[in-house]
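Visitor: Supplied structure: input_27.txt, compact mmCIF, C-alpha atoms and all ligand atoms.
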```txt
# COMPACT_ATOMS: atom_id res chain seq x y z
CA MET A 1 220.62 -62.77 79.26
CA ASP A 2 217.12 -61.53 78.46
CA PRO A 3 217.57 -57.95 77.06
CA ALA A 4 213.90 -56.92 77.46
CA THR A 5 213.86 -57.79 81.18
CA GLN A 6 217.23 -56.16 81.68
CA LYS A 7 216.03 -52.92 80.03
CA LYS A 8 212.80 -52.89 82.04
CA TRP A 9 214.68 -53.10 85.34
CA ASP A 10 217.35 -50.65 84.20
CA ARG A 11 214.53 -48.15 83.66
CA ALA A 12 212.97 -49.01 87.05
CA ALA A 13 216.31 -48.48 88.84
CA LEU A 14 216.10 -44.70 88.55
CA GLY A 15 213.03 -44.16 90.76
CA TYR A 16 213.30 -47.43 92.69
CA ASP A 17 214.54 -46.12 96.02
CA LEU A 18 211.99 -43.32 96.00
CA MET A 19 209.14 -45.78 95.41
CA ASN A 20 210.32 -48.67 97.58
CA GLY A 21 213.00 -47.37 99.85
CA TYR A 22 211.25 -46.03 102.90
CA GLY A 23 207.73 -47.26 103.79
CA PRO A 24 208.12 -50.82 102.49
CA GLU A 25 211.60 -51.37 103.92
CA TRP A 26 210.54 -50.00 107.31
CA ARG A 27 207.51 -52.29 107.27
CA TRP A 28 209.14 -55.48 105.99
CA GLY A 29 212.58 -54.93 107.52
CA PRO A 30 212.05 -57.05 110.68
CA TYR A 31 210.86 -60.05 108.60
CA LYS A 32 213.77 -59.74 106.20
CA ARG A 33 216.27 -59.37 109.06
CA ARG A 34 214.93 -62.57 110.68
CA LEU A 35 215.11 -64.48 107.40
CA PHE A 36 218.59 -63.27 106.49
CA SER A 37 219.88 -63.97 110.04
CA THR A 38 220.08 -67.64 108.91
CA MET A 39 222.73 -66.80 106.28
CA ALA A 40 225.76 -69.07 106.68
CA GLY A 41 228.31 -70.83 104.47
CA ARG A 42 228.34 -70.04 100.76
CA VAL A 43 225.37 -67.73 100.21
CA LEU A 44 223.75 -66.67 96.92
CA PHE A 45 221.35 -63.70 97.04
CA VAL A 46 218.91 -63.14 94.14
CA ALA A 47 218.24 -60.26 93.23
CA ILE A 48 220.06 -57.37 94.90
CA GLY A 49 218.20 -54.48 93.18
CA THR A 50 219.51 -51.16 94.52
CA GLY A 51 220.82 -52.93 97.62
CA GLN A 52 217.96 -52.10 99.99
CA ASP A 53 218.23 -55.58 101.51
CA ILE A 54 221.90 -55.23 102.48
CA GLN A 55 221.04 -53.32 105.68
CA PHE A 56 219.35 -56.54 106.91
CA PHE A 57 222.26 -58.90 106.16
CA PRO A 58 224.09 -60.24 109.22
CA ALA A 59 227.70 -59.06 109.45
CA GLY A 60 230.65 -61.27 108.61
CA GLN A 61 229.09 -63.39 105.86
CA GLU A 62 230.44 -64.34 102.44
CA ILE A 63 227.66 -63.47 100.00
CA THR A 64 227.39 -63.44 96.22
CA ALA A 65 224.53 -61.18 95.13
CA ILE A 66 223.29 -61.10 91.55
CA ASP A 67 220.91 -59.02 89.47
CA ILE A 68 220.07 -58.90 85.76
CA SER A 69 220.16 -55.08 85.69
CA PRO A 70 223.50 -53.26 85.53
CA ARG A 71 221.78 -50.02 86.62
CA MET A 72 220.43 -51.70 89.75
CA ILE A 73 223.89 -53.10 90.51
CA GLU A 74 225.48 -49.68 90.00
CA GLN A 75 223.19 -48.28 92.70
CA ALA A 76 223.70 -51.28 95.00
CA ARG A 77 227.49 -50.83 94.91
CA VAL A 78 227.56 -48.00 97.46
CA ARG A 79 225.54 -50.05 99.95
CA ALA A 80 227.61 -53.17 99.21
CA ASP A 81 230.83 -51.25 99.94
CA GLY A 82 229.44 -50.49 103.41
CA TYR A 83 228.72 -54.15 104.21
CA ASP A 84 230.75 -55.55 107.11
CA GLY A 85 231.71 -58.83 105.41
CA ARG A 86 232.40 -60.07 101.87
CA LEU A 87 229.75 -59.14 99.35
CA GLU A 88 230.38 -59.74 95.65
CA LEU A 89 227.97 -58.20 93.12
CA ARG A 90 227.54 -59.83 89.71
CA GLN A 91 225.31 -59.11 86.75
CA LEU A 92 223.69 -62.48 86.00
CA ASP A 93 220.35 -63.82 84.84
CA VAL A 94 218.94 -66.36 87.30
CA HIS A 95 217.65 -68.41 84.34
CA ASP A 96 221.22 -69.11 83.27
CA LEU A 97 223.82 -69.07 86.04
CA ASP A 98 227.48 -69.74 85.25
CA TYR A 99 228.16 -71.61 88.53
CA PRO A 100 228.84 -75.34 88.65
CA ASP A 101 226.30 -77.63 90.32
CA ALA A 102 226.25 -77.53 94.14
CA THR A 103 228.21 -74.25 94.48
CA PHE A 104 226.10 -72.74 97.29
CA ASP A 105 224.85 -73.82 100.74
CA LYS A 106 222.01 -71.33 100.92
CA VAL A 107 220.04 -69.15 98.51
CA PHE A 108 217.97 -66.12 99.52
CA THR A 109 215.55 -64.03 97.49
CA SER A 110 213.63 -60.84 98.24
CA CYS A 111 210.74 -59.69 96.03
CA THR A 112 212.50 -61.53 93.23
CA PHE A 113 210.25 -64.27 91.89
CA CYS A 114 207.47 -61.78 91.18
CA SER A 115 209.91 -60.35 88.64
CA VAL A 116 211.73 -63.30 87.04
CA THR A 117 210.19 -64.02 83.61
CA ASP A 118 210.06 -67.81 83.94
CA PRO A 119 210.01 -68.55 87.66
CA VAL A 120 210.12 -72.34 87.40
CA ILE A 121 213.21 -72.29 85.16
CA GLY A 122 214.87 -69.74 87.48
CA LEU A 123 214.07 -71.84 90.55
CA ARG A 124 215.37 -75.03 88.86
CA GLU A 125 218.61 -73.19 88.19
CA LEU A 126 218.81 -72.27 91.87
CA ARG A 127 218.17 -75.88 92.82
CA ARG A 128 221.04 -76.89 90.53
CA VAL A 129 223.57 -74.51 92.12
CA LEU A 130 222.51 -75.46 95.67
CA CYS A 131 224.30 -78.39 97.26
CA PRO A 132 221.99 -81.34 98.02
CA GLY A 133 220.22 -80.49 101.27
CA GLY A 134 220.91 -76.78 100.71
CA THR A 135 218.10 -74.36 101.51
CA ILE A 136 216.26 -71.51 99.85
CA GLY A 137 214.70 -68.71 101.93
CA MET A 138 212.43 -66.26 100.15
CA PHE A 139 210.69 -63.02 101.14
CA GLU A 140 208.07 -62.69 98.40
CA HIS A 141 204.68 -61.28 97.53
CA THR A 142 202.35 -63.56 95.56
CA GLY A 143 198.79 -63.76 94.33
CA SER A 144 195.94 -64.32 96.78
CA ARG A 145 193.38 -67.11 97.08
CA PHE A 146 190.74 -64.74 98.38
CA PHE A 147 188.18 -62.60 96.58
CA PRO A 148 188.37 -59.67 95.84
CA PHE A 149 192.20 -59.56 96.27
CA ASN A 150 192.76 -62.33 93.71
CA LEU A 151 190.65 -60.50 91.10
CA MET A 152 192.34 -57.17 91.87
CA LEU A 153 195.84 -58.64 91.59
CA ASP A 154 194.91 -60.50 88.37
CA LEU A 155 193.56 -57.28 86.83
CA MET A 156 196.58 -55.19 87.83
CA THR A 157 199.18 -57.72 86.64
CA PRO A 158 199.16 -57.04 82.85
CA LEU A 159 199.78 -53.33 83.51
CA MET A 160 202.37 -53.80 86.28
CA ARG A 161 204.25 -56.38 84.18
CA GLN A 162 205.16 -53.59 81.71
CA VAL A 163 207.12 -51.62 84.31
CA GLY A 164 207.80 -53.98 87.19
CA PRO A 165 206.69 -57.17 88.91
CA GLU A 166 203.80 -59.59 88.39
CA LEU A 167 201.29 -59.53 91.24
CA ASN A 168 199.66 -62.95 91.01
CA ARG A 169 202.45 -65.52 91.10
CA ASP A 170 202.05 -68.84 92.93
CA THR A 171 205.62 -69.02 94.19
CA LEU A 172 204.96 -71.94 96.55
CA ALA A 173 203.69 -74.10 93.67
CA ASN A 174 206.55 -72.90 91.46
CA LEU A 175 209.10 -74.00 94.09
CA GLN A 176 207.51 -77.44 94.24
CA GLN A 177 207.40 -77.65 90.44
CA ALA A 178 211.10 -76.77 90.36
CA GLY A 179 211.79 -79.81 92.54
CA PHE A 180 212.29 -78.25 95.98
CA VAL A 181 211.05 -80.31 98.93
CA ASP A 182 209.88 -79.47 102.48
CA VAL A 183 208.33 -76.31 101.07
CA ASN A 184 206.55 -74.27 103.75
CA LEU A 185 205.67 -70.68 104.51
CA ASP A 186 205.35 -68.12 107.29
CA PRO A 187 202.59 -65.58 106.49
CA VAL A 188 203.57 -61.92 106.80
CA TYR A 189 200.61 -59.93 105.42
CA LEU A 190 197.24 -61.49 104.45
CA ASP A 191 198.03 -64.44 102.19
CA VAL A 192 200.03 -62.15 99.87
CA VAL A 193 203.34 -61.30 101.56
CA LYS A 194 205.15 -64.32 102.94
CA VAL A 195 208.44 -65.93 103.85
CA ILE A 196 208.87 -69.21 102.01
CA HIS A 197 211.36 -71.99 102.77
CA GLY A 198 212.42 -74.94 100.65
CA VAL A 199 215.16 -77.56 100.49
CA ALA A 200 217.10 -78.90 97.49
CA PRO A 201 216.58 -82.65 97.66
CA CYS A 202 219.45 -84.87 98.79
CA ALA A 203 218.56 -88.02 96.84
CA SER A 204 220.42 -87.10 93.67
CA GLY A 205 222.47 -84.18 92.40
CA ALA A 206 221.18 -84.88 88.90
CA LEU A 207 218.18 -82.94 87.59
CA GLU A 208 215.60 -84.48 85.31
CA PRO A 209 215.46 -82.73 81.90
CA ASP A 210 212.10 -81.08 82.53
CA GLY A 211 211.96 -80.99 86.24
C1 LIG A 301 211.21 -55.90 92.74
S1 LIG A 301 212.95 -55.82 92.50
C2 LIG A 301 213.55 -56.38 94.10
C3 LIG A 301 214.94 -55.89 94.41
C4 LIG A 301 215.39 -56.05 95.86
N1 LIG A 301 215.52 -57.43 96.24
C5 LIG A 301 214.46 -55.33 96.81
O1 LIG A 301 213.64 -55.99 97.50
O2 LIG A 301 214.51 -54.09 96.84
C6 LIG A 301 213.24 -57.21 91.47
C7 LIG A 301 214.69 -57.35 91.03
O3 LIG A 301 214.82 -58.57 90.28
C8 LIG A 301 215.76 -58.36 89.24
N2 LIG A 301 215.55 -59.39 88.21
C9 LIG A 301 214.48 -59.53 87.39
N3 LIG A 301 214.64 -60.61 86.59
C10 LIG A 301 215.84 -61.15 86.91
C11 LIG A 301 216.58 -62.26 86.41
N4 LIG A 301 216.09 -63.02 85.41
N5 LIG A 301 217.78 -62.55 86.96
C12 LIG A 301 218.29 -61.77 87.97
N6 LIG A 301 217.64 -60.69 88.46
C13 LIG A 301 216.43 -60.38 87.95
C14 LIG A 301 215.46 -56.94 88.78
O4 LIG A 301 216.52 -56.36 88.07
C15 LIG A 301 215.18 -56.24 90.11
O5 LIG A 301 216.36 -55.66 90.66
```
Starting from the file, lay out its structure as structure tokens.
Ligand SMILES: C[S@@+](CC[C@H](N)C(=O)[O-])C[C@H]1O[C@@H](n2cnc3c(N)ncnc32)[C@H](O)[C@@H]1O

Guide:
Amino acid sequence: MDPATQKKWDRAALGYDLMNGYGPEWRWGPYKRRLFSTMAGRVLFVAIGTGQDIQFFPAGQEITAIDISPRMIEQARVRADGYDGRLELRQLDVHDLDYPDATFDKVFTSCTFCSVTDPVIGLRELRRVLCPGGTIGMFEHTGSRFFPFNLMLDLMTPLMRQVGPELNRDTLANLQQAGFVDVNLDPVYLDVVKVIHGVAPCASGALEPDG
């Protein structure tokens, strides 16, 4: 567990709902609801934060939701208790999951891989715990290819990184680098906010040492 990242998000938990709870969830809610409507089988959700995403989960699923921050999880618990299905919350670092290979059928993320310190290692770990042919569905914001957005996001990232997410990640490339196949995206806003899909390859359950 990375203590610096944990502390940063513990601190962010306090004002998180105030900053992110209303406008953004109202705006992105329909996209998240559509993505999460494909939840089925053994589902892993990374990272639950204060539980804002739970309102968009389809009822009746069996979901394990993790987060590195105990403070975030504490806040998510009330929303998790109201979920009409089975929702287990666990404090775990996505870089180092304690699940055996091929534990889950589907993985979902939501504004997560802007925040994970080493995204390729985290995504490799998700590939490991997915069964071969299992899918990942991500609602994420990333960097942009277009000027001046790319410059703006690059300039803001060092500051934002201190208190929250990175703003210029290339999550599509990171997924491919982590060994996911059939990687594709649905744009949501400009080329920054997007839904990304990928598949854990079927050929072999074994992972190469460095990807
Ligand atoms: C921007 S918040 C998104 C939370 C929630 N999905 C939402 O959209 O409101 C990013 C979350 O990722 C979590 N996180 C950061 N690094 C992590 C890691 N290595 N493992 C698990 N969770 C992590 C943080 O604690 C935080 O709750």

Visitor: Using only C-alpha atoms and all ligand atoms, determine which residues fall within 6 Å of ligand LIG 301 (chain A), then list them as a VMD selection string.

Guide: chain A and resid 9 47 to 49 52 67 to 69 72 92 to 95 110 to 112 115 to 116

Visitor: Dump as JSON lines the rows for residues of stretch 40-127 of chain A within 12 Å of stretch 190-196 of chain A: closest atom pair and distance in Å with one decimal, all atoms listed in the file counted, ordered by chain and rising residue number.

Guide:
```
{"residue": "A:Val107", "atom": "CA", "partner": "A:Ile196", "partner_atom": "CA", "distance": 11.7}
{"residue": "A:Phe108", "atom": "CA", "partner": "A:Ile196", "partner_atom": "CA", "distance": 9.9}
{"residue": "A:Thr109", "atom": "CA", "partner": "A:Ile196", "partner_atom": "CA", "distance": 9.6}
{"residue": "A:Ser110", "atom": "CA", "partner": "A:Val195", "partner_atom": "CA", "distance": 9.2}
{"residue": "A:Cys111", "atom": "CA", "partner": "A:Val193", "partner_atom": "CA", "distance": 9.4}
{"residue": "A:Phe113", "atom": "CA", "partner": "A:Ile196", "partner_atom": "CA", "distance": 11.3}
{"residue": "A:Cys114", "atom": "CA", "partner": "A:Val193", "partner_atom": "CA", "distance": 11.2}
```

Visitor: Near A:Asp10, within 12 Å and counting all atoms listed in the file, which residues show up once chain neighbours fewer than 4 positions away are dropped, as a PDB file with C-alpha atoms, in the coordinates of the input?

Guide:
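New file selection_32.pdb:
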```pdb
ATOM      1  CA  PRO A   3     217.570 -57.950  77.060  1.00  0.00           C
ATOM      2  CA  ALA A   4     213.900 -56.920  77.460  1.00  0.00           C
ATOM      3  CA  THR A   5     213.860 -57.790  81.180  1.00  0.00           C
ATOM      4  CA  GLN A   6     217.230 -56.160  81.680  1.00  0.00           C
ATOM      5  CA  LEU A  14     216.100 -44.700  88.550  1.00  0.00           C
ATOM      6  CA  GLY A  15     213.030 -44.160  90.760  1.00  0.00           C
ATOM      7  CA  TYR A  16     213.300 -47.430  92.690  1.00  0.00           C
ATOM      8  CA  GLY A  49     218.200 -54.480  93.180  1.00  0.00           C
ATOM      9  CA  THR A  50     219.510 -51.160  94.520  1.00  0.00           C
ATOM     10  CA  ASP A  67     220.910 -59.020  89.470  1.00  0.00           C
ATOM     11  CA  ILE A  68     220.070 -58.900  85.760  1.00  0.00           C
ATOM     12  CA  SER A  69     220.160 -55.080  85.690  1.00  0.00           C
ATOM     13  CA  PRO A  70     223.500 -53.260  85.530  1.00  0.00           C
ATOM     14  CA  ARG A  71     221.780 -50.020  86.620  1.00  0.00           C
ATOM     15  CA  MET A  72     220.430 -51.700  89.750  1.00  0.00           C
ATOM     16  CA  ILE A  73     223.890 -53.100  90.510  1.00  0.00           C
ATOM     17  CA  GLU A  74     225.480 -49.680  90.000  1.00  0.00           C
ATOM     18  CA  GLN A  75     223.190 -48.280  92.700  1.00  0.00           C
ATOM     19  CA  GLN A  91     225.310 -59.110  86.750  1.00  0.00           C
ATOM     20  CA  VAL A 163     207.120 -51.620  84.310  1.00  0.00           C
ATOM     21  CA  GLY A 164     207.800 -53.980  87.190  1.00  0.00           C
TER      22      GLY A 164
END
```

Visitor: As a list of chain:residue names, please: the residues near A:Phe57 (cut-off 10 Å, only C-alpha atoms, same-chain neighbours under 4 positions excluded).

Guide: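 Returned residues: A:Lys32, A:Arg33, A:Arg34, A:Leu35, A:Phe36, A:Ser37, A:Thr38, A:Met39, A:Asp53, A:Gln61, A:Ile63, A:Tyr83, A:Asp84, A:Gly85.
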
Visitor: Between atom CA of A:Asp154 and atom CA of A:Val120, what distance in Å does the model show, to one decimal?

Guide: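 Taking atom CA of A:Asp154 and atom CA of A:Val120, their separation equals 19.3 Å.
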
Visitor: Do you know which residues are at most 10 Å from stretch 167-183 of chain A counting all atoms listed in the file, after dropping those on the same chain fewer than 5 positions away, and could you put them as an mmCIF file with C-alpha atoms, keeping the file's coordinate frame?

Guide:
```
data_model
loop_
_atom_site.group_PDB
_atom_site.id
_atom_site.type_symbol
_atom_site.label_atom_id
_atom_site.label_comp_id
_atom_site.auth_asym_id
_atom_site.auth_seq_id
_atom_site.Cartn_x
_atom_site.Cartn_y
_atom_site.Cartn_z
ATOM 1 C CA PHE A 113 210.250 -64.270 91.890
ATOM 2 C CA CYS A 114 207.470 -61.780 91.180
ATOM 3 C CA SER A 115 209.910 -60.350 88.640
ATOM 4 C CA ASP A 118 210.060 -67.810 83.940
ATOM 5 C CA PRO A 119 210.010 -68.550 87.660
ATOM 6 C CA VAL A 120 210.120 -72.340 87.400
ATOM 7 C CA ILE A 121 213.210 -72.290 85.160
ATOM 8 C CA GLY A 122 214.870 -69.740 87.480
ATOM 9 C CA LEU A 123 214.070 -71.840 90.550
ATOM 10 C CA ARG A 124 215.370 -75.030 88.860
ATOM 11 C CA GLU A 125 218.610 -73.190 88.190
ATOM 12 C CA LEU A 126 218.810 -72.270 91.870
ATOM 13 C CA ARG A 127 218.170 -75.880 92.820
ATOM 14 C CA ARG A 128 221.040 -76.890 90.530
ATOM 15 C CA GLY A 133 220.220 -80.490 101.270
ATOM 16 C CA GLY A 134 220.910 -76.780 100.710
ATOM 17 C CA THR A 135 218.100 -74.360 101.510
ATOM 18 C CA ILE A 136 216.260 -71.510 99.850
ATOM 19 C CA GLY A 137 214.700 -68.710 101.930
ATOM 20 C CA MET A 138 212.430 -66.260 100.150
ATOM 21 C CA GLU A 140 208.070 -62.690 98.400
ATOM 22 C CA HIS A 141 204.680 -61.280 97.530
ATOM 23 C CA THR A 142 202.350 -63.560 95.560
ATOM 24 C CA GLY A 143 198.790 -63.760 94.330
ATOM 25 C CA SER A 144 195.940 -64.320 96.780
ATOM 26 C CA ARG A 145 193.380 -67.110 97.080
ATOM 27 C CA PHE A 149 192.200 -59.560 96.270
ATOM 28 C CA ASN A 150 192.760 -62.330 93.710
ATOM 29 C CA LEU A 151 190.650 -60.500 91.100
ATOM 30 C CA MET A 152 192.340 -57.170 91.870
ATOM 31 C CA LEU A 153 195.840 -58.640 91.590
ATOM 32 C CA ASP A 154 194.910 -60.500 88.370
ATOM 33 C CA LEU A 155 193.560 -57.280 86.830
ATOM 34 C CA MET A 156 196.580 -55.190 87.830
ATOM 35 C CA THR A 157 199.180 -57.720 86.640
ATOM 36 C CA PRO A 158 199.160 -57.040 82.850
ATOM 37 C CA MET A 160 202.370 -53.800 86.280
ATOM 38 C CA ARG A 161 204.250 -56.380 84.180
ATOM 39 C CA VAL A 192 200.030 -62.150 99.870
ATOM 40 C CA LYS A 194 205.150 -64.320 102.940
ATOM 41 C CA ILE A 196 208.870 -69.210 102.010
ATOM 42 C CA HIS A 197 211.360 -71.990 102.770
ATOM 43 C CA GLY A 198 212.420 -74.940 100.650
ATOM 44 C CA VAL A 199 215.160 -77.560 100.490
ATOM 45 C CA ALA A 200 217.100 -78.900 97.490
ATOM 46 C CA PRO A 201 216.580 -82.650 97.660
ATOM 47 C CA CYS A 202 219.450 -84.870 98.790
ATOM 48 C CA LEU A 207 218.180 -82.940 87.590
ATOM 49 C CA GLU A 208 215.600 -84.480 85.310
ATOM 50 C CA ASP A 210 212.100 -81.080 82.530
ATOM 51 C CA GLY A 211 211.960 -80.990 86.240
#
```

Visitor: Just the number, please: distance in Å from atom CA of A:Ala40 to atom CA of A:Tyr189, one decimal.

Guide: 26.8 Å

Visitor: How many Å lie between atom CA of A:Arg86 and atom CA of A:Glu62, rounded to one decimal?

Guide: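 If I compute the distance from atom CA of A:Arg86 to atom CA of A:Glu62, I get 4.7 Å.
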
Visitor: Between A:Trp26, A:Arg90, A:Arg79, A:Tyr31, which has the minimum distance to A:Asp186 (counting all atoms listed in the file)?

Guide: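 Using all atoms listed in the file, A:Asp186 sits closest to A:Tyr31.
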
Visitor: Could you get me a file of stretch 181-193 of chain A with N, CA and C atoms, as a short mmCIF file (atom, residue, chain, number, x, y, z; two decimals), in the first residue's frame, taken from the block above?

Guide:
```cif
data_model
loop_
_atom_site.label_atom_id
_atom_site.label_comp_id
_atom_site.auth_asym_id
_atom_site.auth_seq_id
_atom_site.Cartn_x
_atom_site.Cartn_y
_atom_site.Cartn_z
N VAL A 181 -6.49 -6.16 -25.05
CA VAL A 181 -6.71 -6.17 -26.51
C VAL A 181 -8.09 -5.61 -26.81
N ASP A 182 -8.39 -5.44 -28.11
CA ASP A 182 -9.67 -4.89 -28.56
C ASP A 182 -10.00 -3.59 -27.82
N VAL A 183 -8.99 -2.77 -27.63
CA VAL A 183 -9.18 -1.51 -26.89
C VAL A 183 -9.87 -0.50 -27.82
N ASN A 184 -10.96 0.07 -27.35
CA ASN A 184 -11.66 1.08 -28.15
C ASN A 184 -12.37 2.06 -27.24
N LEU A 185 -12.81 3.19 -27.81
CA LEU A 185 -13.42 4.20 -26.94
C LEU A 185 -14.68 4.80 -27.55
N ASP A 186 -15.53 5.30 -26.66
CA ASP A 186 -16.69 6.12 -27.04
C ASP A 186 -16.41 7.52 -26.47
N PRO A 187 -16.31 8.55 -27.33
CA PRO A 187 -16.06 9.89 -26.80
C PRO A 187 -17.27 10.41 -26.03
N VAL A 188 -17.01 11.14 -24.96
CA VAL A 188 -18.10 11.75 -24.17
C VAL A 188 -18.02 13.26 -24.26
N TYR A 189 -16.84 13.84 -24.02
CA TYR A 189 -16.69 15.30 -24.09
C TYR A 189 -15.31 15.63 -24.69
N LEU A 190 -15.33 16.37 -25.82
CA LEU A 190 -14.10 16.65 -26.59
C LEU A 190 -13.34 15.33 -26.76
N ASP A 191 -12.00 15.39 -26.69
CA ASP A 191 -11.28 14.10 -26.69
C ASP A 191 -10.72 13.85 -25.29
N VAL A 192 -11.39 14.44 -24.27
CA VAL A 192 -10.87 14.37 -22.90
C VAL A 192 -11.65 13.36 -22.05
N VAL A 193 -12.97 13.48 -22.05
CA VAL A 193 -13.78 12.54 -21.24
C VAL A 193 -14.26 11.44 -22.17
#
```
